[in-house]
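S.K.: Here you go, start-v5.cif (mmCIF, C-alpha atoms):
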data_structure
#
loop_
_atom_site.group_PDB
_atom_site.id
_atom_site.type_symbol
_atom_site.label_atom_id
_atom_site.label_comp_id
_atom_site.auth_asym_id
_atom_site.auth_seq_id
_atom_site.Cartn_x
_atom_site.Cartn_y
_atom_site.Cartn_z
ATOM 1 C CA MET A 1 -8.842 -18.151 -20.877
ATOM 2 C CA SER A 2 -6.268 -17.156 -23.451
ATOM 3 C CA ASP A 3 -7.150 -13.461 -23.238
ATOM 4 C CA MET A 4 -6.370 -13.399 -19.501
ATOM 5 C CA LYS A 5 -3.381 -11.304 -18.502
ATOM 6 C CA LYS A 6 -0.478 -13.320 -17.209
ATOM 7 C CA LEU A 7 1.912 -12.746 -14.309
ATOM 8 C CA ALA A 8 5.109 -14.761 -13.961
ATOM 9 C CA ILE A 9 7.132 -14.516 -10.760
ATOM 10 C CA ILE A 10 10.479 -16.039 -9.842
ATOM 11 C CA ALA A 11 10.814 -16.380 -6.058
ATOM 12 C CA THR A 12 14.444 -16.786 -5.029
ATOM 13 C CA LYS A 13 14.557 -15.761 -1.389
ATOM 14 C CA GLY A 14 13.790 -17.784 1.716
ATOM 15 C CA SER A 15 13.443 -15.260 4.518
ATOM 16 C CA LEU A 16 10.279 -14.216 6.348
ATOM 17 C CA ASP A 17 10.274 -10.686 4.926
ATOM 18 C CA TRP A 18 11.109 -11.649 1.339
ATOM 19 C CA ALA A 19 8.480 -14.371 1.303
ATOM 20 C CA TYR A 20 5.738 -11.747 1.334
ATOM 21 C CA PRO A 21 6.108 -10.037 -2.068
ATOM 22 C CA PRO A 22 5.591 -13.164 -4.215
ATOM 23 C CA PHE A 23 2.525 -14.322 -2.263
ATOM 24 C CA ILE A 24 0.969 -10.836 -1.921
ATOM 25 C CA LEU A 25 1.417 -10.054 -5.604
ATOM 26 C CA ALA A 26 0.318 -13.473 -6.829
ATOM 27 C CA SER A 27 -2.843 -13.576 -4.704
ATOM 28 C CA THR A 28 -3.773 -10.013 -5.645
ATOM 29 C CA ALA A 29 -3.102 -10.617 -9.334
ATOM 30 C CA SER A 30 -5.399 -13.632 -9.214
ATOM 31 C CA ALA A 31 -8.142 -11.518 -7.644
ATOM 32 C CA LEU A 32 -7.694 -9.098 -10.540
ATOM 33 C CA GLY A 33 -8.082 -11.883 -13.050
ATOM 34 C CA TYR A 34 -4.477 -12.674 -13.899
ATOM 35 C CA ASP A 35 -3.356 -16.159 -14.772
ATOM 36 C CA THR A 36 -0.448 -16.446 -12.330
ATOM 37 C CA GLU A 37 2.546 -18.701 -11.897
ATOM 38 C CA ILE A 38 5.378 -18.633 -9.353
ATOM 39 C CA PHE A 39 8.634 -20.405 -10.090
ATOM 40 C CA PHE A 40 10.455 -21.169 -6.819
ATOM 41 C CA THR A 41 14.184 -21.569 -7.084
ATOM 42 C CA PHE A 42 17.151 -21.736 -4.707
ATOM 43 C CA TYR A 43 16.182 -20.366 -1.262
ATOM 44 C CA GLY A 44 12.712 -19.573 -2.552
ATOM 45 C CA LEU A 45 11.951 -23.292 -2.250
ATOM 46 C CA GLN A 46 11.677 -22.798 1.526
ATOM 47 C CA LEU A 47 8.364 -21.079 0.773
ATOM 48 C CA LEU A 48 6.911 -24.388 -0.364
ATOM 49 C CA LYS A 49 7.559 -26.305 2.847
ATOM 50 C CA LYS A 50 4.490 -27.434 4.771
ATOM 51 C CA ASN A 51 6.177 -26.160 7.902
ATOM 52 C CA MET A 52 7.365 -22.745 6.741
ATOM 53 C CA ASP A 53 9.891 -21.945 9.456
ATOM 54 C CA LEU A 54 11.146 -18.684 7.994
ATOM 55 C CA GLN A 55 13.269 -16.186 9.840
ATOM 56 C CA VAL A 56 14.139 -12.549 9.387
ATOM 57 C CA THR A 57 17.636 -11.216 10.003
ATOM 58 C CA PRO A 58 18.769 -7.650 10.566
ATOM 59 C CA LEU A 59 22.290 -8.652 9.475
ATOM 60 C CA GLY A 60 23.387 -7.005 6.268
ATOM 61 C CA ASN A 61 20.144 -5.065 6.219
ATOM 62 C CA PRO A 62 20.717 -1.481 7.392
ATOM 63 C CA GLY A 63 17.232 -0.518 6.152
ATOM 64 C CA MET A 64 15.418 -2.766 8.612
ATOM 65 C CA PRO A 65 13.537 -0.665 11.170
ATOM 66 C CA MET A 66 14.559 -1.790 14.661
ATOM 67 C CA PRO A 67 12.018 -1.631 17.458
ATOM 68 C CA MET A 68 12.744 0.307 20.640
ATOM 69 C CA GLY A 69 15.929 1.871 19.281
ATOM 70 C CA MET A 70 17.588 -1.530 19.312
ATOM 71 C CA ASP A 71 20.073 -0.439 16.674
ATOM 72 C CA LYS A 72 21.576 1.894 19.282
ATOM 73 C CA TRP A 73 21.645 -0.742 22.006
ATOM 74 C CA PHE A 74 22.913 -3.451 19.700
ATOM 75 C CA PRO A 75 25.307 -2.206 17.049
ATOM 76 C CA ILE A 76 26.273 -4.636 14.304
ATOM 77 C CA MET A 77 28.354 -6.889 16.552
ATOM 78 C CA GLY A 78 25.355 -7.291 18.868
ATOM 79 C CA LEU A 79 23.193 -8.502 16.002
ATOM 80 C CA THR A 80 25.419 -11.562 15.677
ATOM 81 C CA LEU A 81 24.640 -12.699 19.229
ATOM 82 C CA PRO A 82 22.992 -16.123 19.504
ATOM 83 C CA GLY A 83 19.240 -15.809 19.769
ATOM 84 C CA MET A 84 19.110 -12.399 18.143
ATOM 85 C CA GLN A 85 17.648 -13.708 14.882
ATOM 86 C CA GLY A 86 14.968 -15.684 16.707
ATOM 87 C CA MET A 87 14.072 -12.657 18.753
ATOM 88 C CA MET A 88 13.832 -10.393 15.684
ATOM 89 C CA THR A 89 11.699 -12.998 13.921
ATOM 90 C CA SER A 90 9.306 -13.298 16.806
ATOM 91 C CA MET A 91 9.025 -9.513 17.119
ATOM 92 C CA MET A 92 8.382 -9.168 13.395
ATOM 93 C CA LYS A 93 5.628 -11.813 13.480
ATOM 94 C CA LYS A 94 3.942 -10.119 16.435
ATOM 95 C CA LYS A 95 4.145 -6.751 14.699
ATOM 96 C CA MET A 96 2.613 -8.162 11.533
ATOM 97 C CA ALA A 97 -0.228 -9.840 13.405
ATOM 98 C CA SER A 98 -0.986 -6.630 15.314
ATOM 99 C CA LYS A 99 -1.179 -4.683 12.034
ATOM 100 C CA GLY A 100 -3.565 -7.127 10.410
ATOM 101 C CA VAL A 101 -0.965 -8.378 7.932
ATOM 102 C CA ALA A 102 -1.804 -11.890 6.763
ATOM 103 C CA SER A 103 0.431 -14.763 7.843
ATOM 104 C CA LEU A 104 2.455 -16.472 5.121
ATOM 105 C CA PRO A 105 0.574 -19.797 5.339
ATOM 106 C CA GLU A 106 -2.686 -17.838 4.979
ATOM 107 C CA LEU A 107 -1.449 -15.942 1.906
ATOM 108 C CA ARG A 108 -0.062 -19.132 0.388
ATOM 109 C CA ASP A 109 -3.418 -20.883 0.915
ATOM 110 C CA LEU A 110 -5.197 -17.942 -0.719
ATOM 111 C CA CYS A 111 -2.857 -18.262 -3.711
ATOM 112 C CA GLN A 112 -3.629 -21.946 -4.058
ATOM 113 C CA GLU A 113 -7.371 -21.371 -3.684
ATOM 114 C CA ALA A 114 -7.084 -18.821 -6.494
ATOM 115 C CA GLU A 115 -5.305 -21.403 -8.662
ATOM 116 C CA VAL A 116 -1.907 -19.730 -8.716
ATOM 117 C CA ARG A 117 0.449 -22.379 -10.078
ATOM 118 C CA PHE A 118 3.490 -23.245 -7.958
ATOM 119 C CA ILE A 119 6.497 -24.603 -9.854
ATOM 120 C CA ALA A 120 9.522 -25.893 -7.926
ATOM 121 C CA CYS A 121 12.924 -25.800 -9.596
ATOM 122 C CA GLN A 122 13.881 -29.452 -10.004
ATOM 123 C CA MET A 123 17.573 -28.600 -10.276
ATOM 124 C CA THR A 124 17.618 -26.865 -6.874
ATOM 125 C CA VAL A 125 15.664 -29.709 -5.284
ATOM 126 C CA ASP A 126 18.396 -32.083 -6.503
ATOM 127 C CA LEU A 127 21.238 -29.719 -5.638
ATOM 128 C CA PHE A 128 20.214 -29.264 -1.999
ATOM 129 C CA GLU A 129 18.870 -32.832 -1.761
ATOM 130 C CA MET A 130 15.557 -31.456 -0.545
ATOM 131 C CA ASN A 131 12.859 -33.867 0.584
ATOM 132 C CA THR A 132 9.789 -33.131 -1.534
ATOM 133 C CA ALA A 133 7.625 -34.910 1.056
ATOM 134 C CA GLU A 134 8.150 -31.760 3.145
ATOM 135 C CA PHE A 135 6.547 -29.632 0.445
ATOM 136 C CA ILE A 136 2.863 -28.753 0.246
ATOM 137 C CA ASP A 137 0.591 -30.563 -2.222
ATOM 138 C CA GLY A 138 -0.084 -29.129 -5.633
ATOM 139 C CA VAL A 139 3.507 -28.265 -6.527
ATOM 140 C CA GLU A 140 4.812 -29.050 -10.007
ATOM 141 C CA TYR A 141 8.479 -29.770 -10.657
ATOM 142 C CA ALA A 142 10.167 -28.361 -13.733
ATOM 143 C CA GLY A 143 13.086 -26.395 -15.086
ATOM 144 C CA ALA A 144 14.013 -23.182 -16.825
ATOM 145 C CA ALA A 145 12.468 -24.112 -20.173
ATOM 146 C CA ALA A 146 9.081 -24.701 -18.535
ATOM 147 C CA PHE A 147 9.332 -21.305 -16.872
ATOM 148 C CA PHE A 148 9.908 -19.614 -20.230
ATOM 149 C CA GLU A 149 6.940 -21.361 -21.777
ATOM 150 C CA PHE A 150 4.741 -19.392 -19.393
ATOM 151 C CA ALA A 151 6.908 -16.285 -18.855
ATOM 152 C CA GLY A 152 7.411 -15.775 -22.579
ATOM 153 C CA GLU A 153 3.700 -15.082 -22.917
ATOM 154 C CA SER A 154 3.370 -13.117 -19.674
ATOM 155 C CA ASP A 155 2.364 -9.474 -19.441
ATOM 156 C CA ILE A 156 4.352 -8.969 -16.256
ATOM 157 C CA CYS A 157 7.426 -10.889 -15.170
ATOM 158 C CA LEU A 158 9.023 -10.320 -11.762
ATOM 159 C CA TYR A 159 12.242 -11.603 -10.243
ATOM 160 C CA ILE A 160 12.011 -11.480 -6.470
ATOM 161 C CA MET B 1 -25.408 5.265 1.793
ATOM 162 C CA ALA B 2 -27.425 3.506 -0.874
ATOM 163 C CA ASP B 3 -28.899 0.041 -0.438
ATOM 164 C CA PHE B 4 -26.709 -3.004 -0.609
ATOM 165 C CA ASP B 5 -27.251 -6.747 -0.777
ATOM 166 C CA GLN B 6 -24.275 -8.031 1.158
ATOM 167 C CA GLU B 7 -21.746 -6.668 3.605
ATOM 168 C CA LEU B 8 -18.077 -7.377 4.245
ATOM 169 C CA ASP B 9 -16.288 -6.049 7.307
ATOM 170 C CA ALA B 10 -12.567 -5.977 6.521
ATOM 171 C CA SER B 11 -11.712 -3.795 9.513
ATOM 172 C CA GLY B 12 -8.261 -4.435 10.943
ATOM 173 C CA LEU B 13 -7.082 -6.276 7.848
ATOM 174 C CA ASN B 14 -4.133 -5.042 5.856
ATOM 175 C CA CYS B 15 -3.141 -5.255 2.182
ATOM 176 C CA PRO B 16 -3.987 -7.396 0.256
ATOM 177 C CA LEU B 17 -6.626 -9.043 2.480
ATOM 178 C CA PRO B 18 -9.488 -6.522 2.012
ATOM 179 C CA ILE B 19 -9.237 -6.964 -1.769
ATOM 180 C CA LEU B 20 -8.966 -10.755 -1.566
ATOM 181 C CA ARG B 21 -11.952 -11.022 0.803
ATOM 182 C CA ALA B 22 -13.978 -8.685 -1.428
ATOM 183 C CA LYS B 23 -13.156 -10.734 -4.512
ATOM 184 C CA LYS B 24 -14.165 -13.926 -2.736
ATOM 185 C CA THR B 25 -17.443 -12.415 -1.563
ATOM 186 C CA LEU B 26 -18.226 -11.028 -5.033
ATOM 187 C CA ASN B 27 -17.593 -14.476 -6.523
ATOM 188 C CA GLY B 28 -20.585 -15.735 -4.569
ATOM 189 C CA MET B 29 -22.856 -12.898 -5.675
ATOM 190 C CA GLU B 30 -25.017 -12.418 -8.752
ATOM 191 C CA SER B 31 -24.327 -9.765 -11.353
ATOM 192 C CA GLY B 32 -25.919 -6.415 -10.463
ATOM 193 C CA LYS B 33 -25.877 -7.088 -6.709
ATOM 194 C CA VAL B 34 -24.148 -4.573 -4.453
ATOM 195 C CA LEU B 35 -21.474 -5.285 -1.854
ATOM 196 C CA HIS B 36 -20.855 -2.916 1.047
ATOM 197 C CA ILE B 37 -17.263 -3.077 2.325
ATOM 198 C CA ILE B 38 -15.876 -1.548 5.507
ATOM 199 C CA ALA B 39 -12.091 -1.271 5.842
ATOM 200 C CA THR B 40 -9.564 0.463 8.056
ATOM 201 C CA ASP B 41 -6.553 0.165 5.718
ATOM 202 C CA PRO B 42 -6.015 3.664 4.219
ATOM 203 C CA GLY B 43 -4.420 1.999 1.177
ATOM 204 C CA SER B 44 -7.741 0.363 0.382
ATOM 205 C CA VAL B 45 -9.108 3.647 -1.036
ATOM 206 C CA LYS B 46 -6.809 3.540 -4.065
ATOM 207 C CA ASP B 47 -6.844 -0.261 -4.142
ATOM 208 C CA PHE B 48 -10.618 -0.602 -4.482
ATOM 209 C CA GLU B 49 -10.583 1.994 -7.284
ATOM 210 C CA ALA B 50 -7.940 -0.054 -9.082
ATOM 211 C CA PHE B 51 -9.703 -3.324 -8.304
ATOM 212 C CA ALA B 52 -12.989 -2.077 -9.791
ATOM 213 C CA LYS B 53 -11.263 -0.709 -12.885
ATOM 214 C CA GLN B 54 -9.488 -3.977 -13.592
ATOM 215 C CA THR B 55 -12.257 -6.424 -12.803
ATOM 216 C CA GLY B 56 -15.264 -4.808 -14.475
ATOM 217 C CA ASN B 57 -17.089 -4.283 -11.190
ATOM 218 C CA GLU B 58 -18.447 -0.813 -10.528
ATOM 219 C CA LEU B 59 -17.238 1.245 -7.567
ATOM 220 C CA MET B 60 -20.465 3.150 -6.846
ATOM 221 C CA GLU B 61 -19.310 4.905 -3.720
ATOM 222 C CA SER B 62 -16.147 5.418 -1.688
ATOM 223 C CA LYS B 63 -16.103 7.468 1.481
ATOM 224 C CA GLU B 64 -14.576 7.890 4.898
ATOM 225 C CA VAL B 65 -16.888 7.587 7.867
ATOM 226 C CA GLY B 66 -15.476 8.137 11.347
ATOM 227 C CA GLY B 67 -11.969 6.961 10.494
ATOM 228 C CA LYS B 68 -13.196 3.942 8.518
ATOM 229 C CA PHE B 69 -13.385 3.563 4.761
ATOM 230 C CA GLU B 70 -16.598 2.390 3.185
ATOM 231 C CA PHE B 71 -17.181 1.210 -0.357
ATOM 232 C CA LEU B 72 -20.120 0.133 -2.468
ATOM 233 C CA ILE B 73 -19.230 -2.174 -5.321
ATOM 234 C CA LYS B 74 -21.748 -3.410 -7.847
ATOM 235 C CA LYS B 75 -20.875 -6.764 -9.317
ATOM 236 C CA GLY B 76 -20.358 -6.527 -13.078
#
If you convert what's in this file into structure tokens, what do you get?
M.R.:
Amino acid sequence: MSDMKKLAIIATKGSLDWAYPPFILASTASALGYDTEIFFTFYGLQLLKKNMDLQVTPLGNPGMPMPMGMDKWFPIMGLTLPGMQGMMTSMMKKKMASKGVASLPELRDLCQEAEVRFIACQMTVDLFEMNTAEFIDGVEYAGAAAFFEFAGESDICLYI
Amino acid sequence: MADFDQELDASGLNCPLPILRAKKTLNGMESGKVLHIIATDPGSVKDFEAFAKQTGNELMESKEVGGKFEFLIKKG
């Protein structure tokens, strides 16, 4: 086991689009034989909820491709309209499903099946008074020192 | 295409699912057995090369047939 390559990831973001990189990379690394750990901190903790209700927002993201020329119909002010975020999220999910992109719960399950370790930042859990009963099973709770114990020996370390 | 022992149709699936499904299928196979994979993700061509290189499984064949990508991987 000790000669396995190691991948350490810090997942800090809690939006639908940014939830993909940690789970895609971790599941793939496991398939390639990496010993993999993800440390979830701040908004990244949303990725551990049983009911992952993640949204995507075009706000502050000029690089986001807009379907049907929506950026022309809805300039920045329009993107702040109520319901816009929900609509963008639903369109993004449909697009992903139609392109054969895995859903987040599916990718997360694949990570757990492949024994990727999920570590939740205890400090953030306390800070935001998060209810750990809402988190999936198999999550460990620890802090920065525990992250370094693994990351210090990793071959690849990513901050996402 | 040469003989194979098992087949995996990953058509319609996108990165990283073809690789993950292939890995899972190979896990259930004996060393020396050959897996035939069909995929539609153009990225899978480079990905299966990289997968084979890193996992000690042999990519025996990789080709495009009628818009689909087909691979033969021998379990190492």
S.K.: Using the chain letters and numbers from the file, which residues does the PyMOL selection byres ((chain B) within 8 of (chain A)) grab, as a compact mmCIF listing (two decimals) with C-alpha atoms, in the coordinates of the input?
M.R.:
# COMPACT_ATOMS: atom_id res chain seq x y z
CA GLY B 12 -8.26 -4.43 10.94
CA LEU B 13 -7.08 -6.28 7.85
CA ASN B 14 -4.13 -5.04 5.86
CA CYS B 15 -3.14 -5.26 2.18
CA PRO B 16 -3.99 -7.40 0.26
CA LEU B 17 -6.63 -9.04 2.48
CA ILE B 19 -9.24 -6.96 -1.77
CA LEU B 20 -8.97 -10.76 -1.57
CA LYS B 23 -13.16 -10.73 -4.51
CA PHE B 51 -9.70 -3.32 -8.30
CA GLN B 54 -9.49 -3.98 -13.59
CA THR B 55 -12.26 -6.42 -12.80
S.K.: If I take CA of Gly152 (chain A) and CA of Met123 (chain A), how far is one from the other in Å, to one decimal?
M.R.: 20.5 Å
S.K.: From (1.0, -19.0, 6.7), in the file's coordinates, out to 10 Å: which residues are reached, counting only C-alpha atoms? Answer as a PDB file with C-alpha atoms, in the coordinates of the input.
M.R.:
ATOM      1  CA  LEU A  47       8.364 -21.079   0.773  1.00  0.00           C
ATOM      2  CA  LYS A  50       4.490 -27.434   4.771  1.00  0.00           C
ATOM      3  CA  ASN A  51       6.177 -26.160   7.902  1.00  0.00           C
ATOM      4  CA  MET A  52       7.365 -22.745   6.741  1.00  0.00           C
ATOM      5  CA  ASP A  53       9.891 -21.945   9.456  1.00  0.00           C
ATOM      6  CA  ALA A 102      -1.804 -11.890   6.763  1.00  0.00           C
ATOM      7  CA  SER A 103       0.431 -14.763   7.843  1.00  0.00           C
ATOM      8  CA  LEU A 104       2.455 -16.472   5.121  1.00  0.00           C
ATOM      9  CA  PRO A 105       0.574 -19.797   5.339  1.00  0.00           C
ATOM     10  CA  GLU A 106      -2.686 -17.838   4.979  1.00  0.00           C
ATOM     11  CA  LEU A 107      -1.449 -15.942   1.906  1.00  0.00           C
ATOM     12  CA  ARG A 108      -0.062 -19.132   0.388  1.00  0.00           C
ATOM     13  CA  ASP A 109      -3.418 -20.883   0.915  1.00  0.00           C
ATOM     14  CA  LEU A 110      -5.197 -17.942  -0.719  1.00  0.00           C
TER      15      LEU A 110
END
S.K.: Find the residues around Phe71 (chain B) up to 10 Å (only C-alpha atoms counted), leave out those fewer than 6 positions away in its own chain, and share them as a list in words.
M.R.: Met1, Glu7, Leu8, Val34, Leu35, His36, Ile37, Ile38, Ala39, Ser44, Val45, Phe48, Glu49, Leu59, Met60, Glu61, Ser62, Lys63 and Glu64 of chain B
S.K.: Quick one: of A:Glu134, A:Glu115, A:Asp17, A:Asp126, who's nearest to Ile38 (chain A), counting only C-alpha atoms?
M.R.: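 Among A:Glu134, A:Glu115, A:Asp17, A:Asp126, it is A:Glu115 that comes nearest to Ile38 (chain A).
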S.K.: Check what the PyMOL selection byres ((chain B and resi 58) around 8) selects in the file above and give those residues as a list in words.
M.R.: Ala52, Lys53, Gly56, Asn57, Leu59, Met60, Ile73, Lys74, Lys75 and Gly76 of chain B
S.K.: Quick check, in Å to one decimal: how far apart do CA of Ala26 (chain A) and CA of Ile119 (chain A) lie?
M.R.: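 Computed distance, CA of Ala26 (chain A) to CA of Ile119 (chain A), equals 13.1 Å.
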S.K.: Please measure the separation of CA of Thr41 (chain A) and CA of Gly63 (chain A), giving the value in Å to one decimal.
M.R.: 25.1 Å
S.K.: Using only C-alpha atoms, can you tell me which of A:Met66, A:Leu45, A:Gly83, A:Phe148 comes closest to Glu129 (chain A)?
M.R.: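 Counting only C-alpha atoms, the residue closest to Glu129 (chain A) is A:Leu45.
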S.K.: Can you list what the PyMOL selection byres ((chain A and resi 14) around 7) grabs from this structure, as a ChimeraX atom specification?
M.R.: /A:12-13,15-16,18-19,43-44,46-47,54
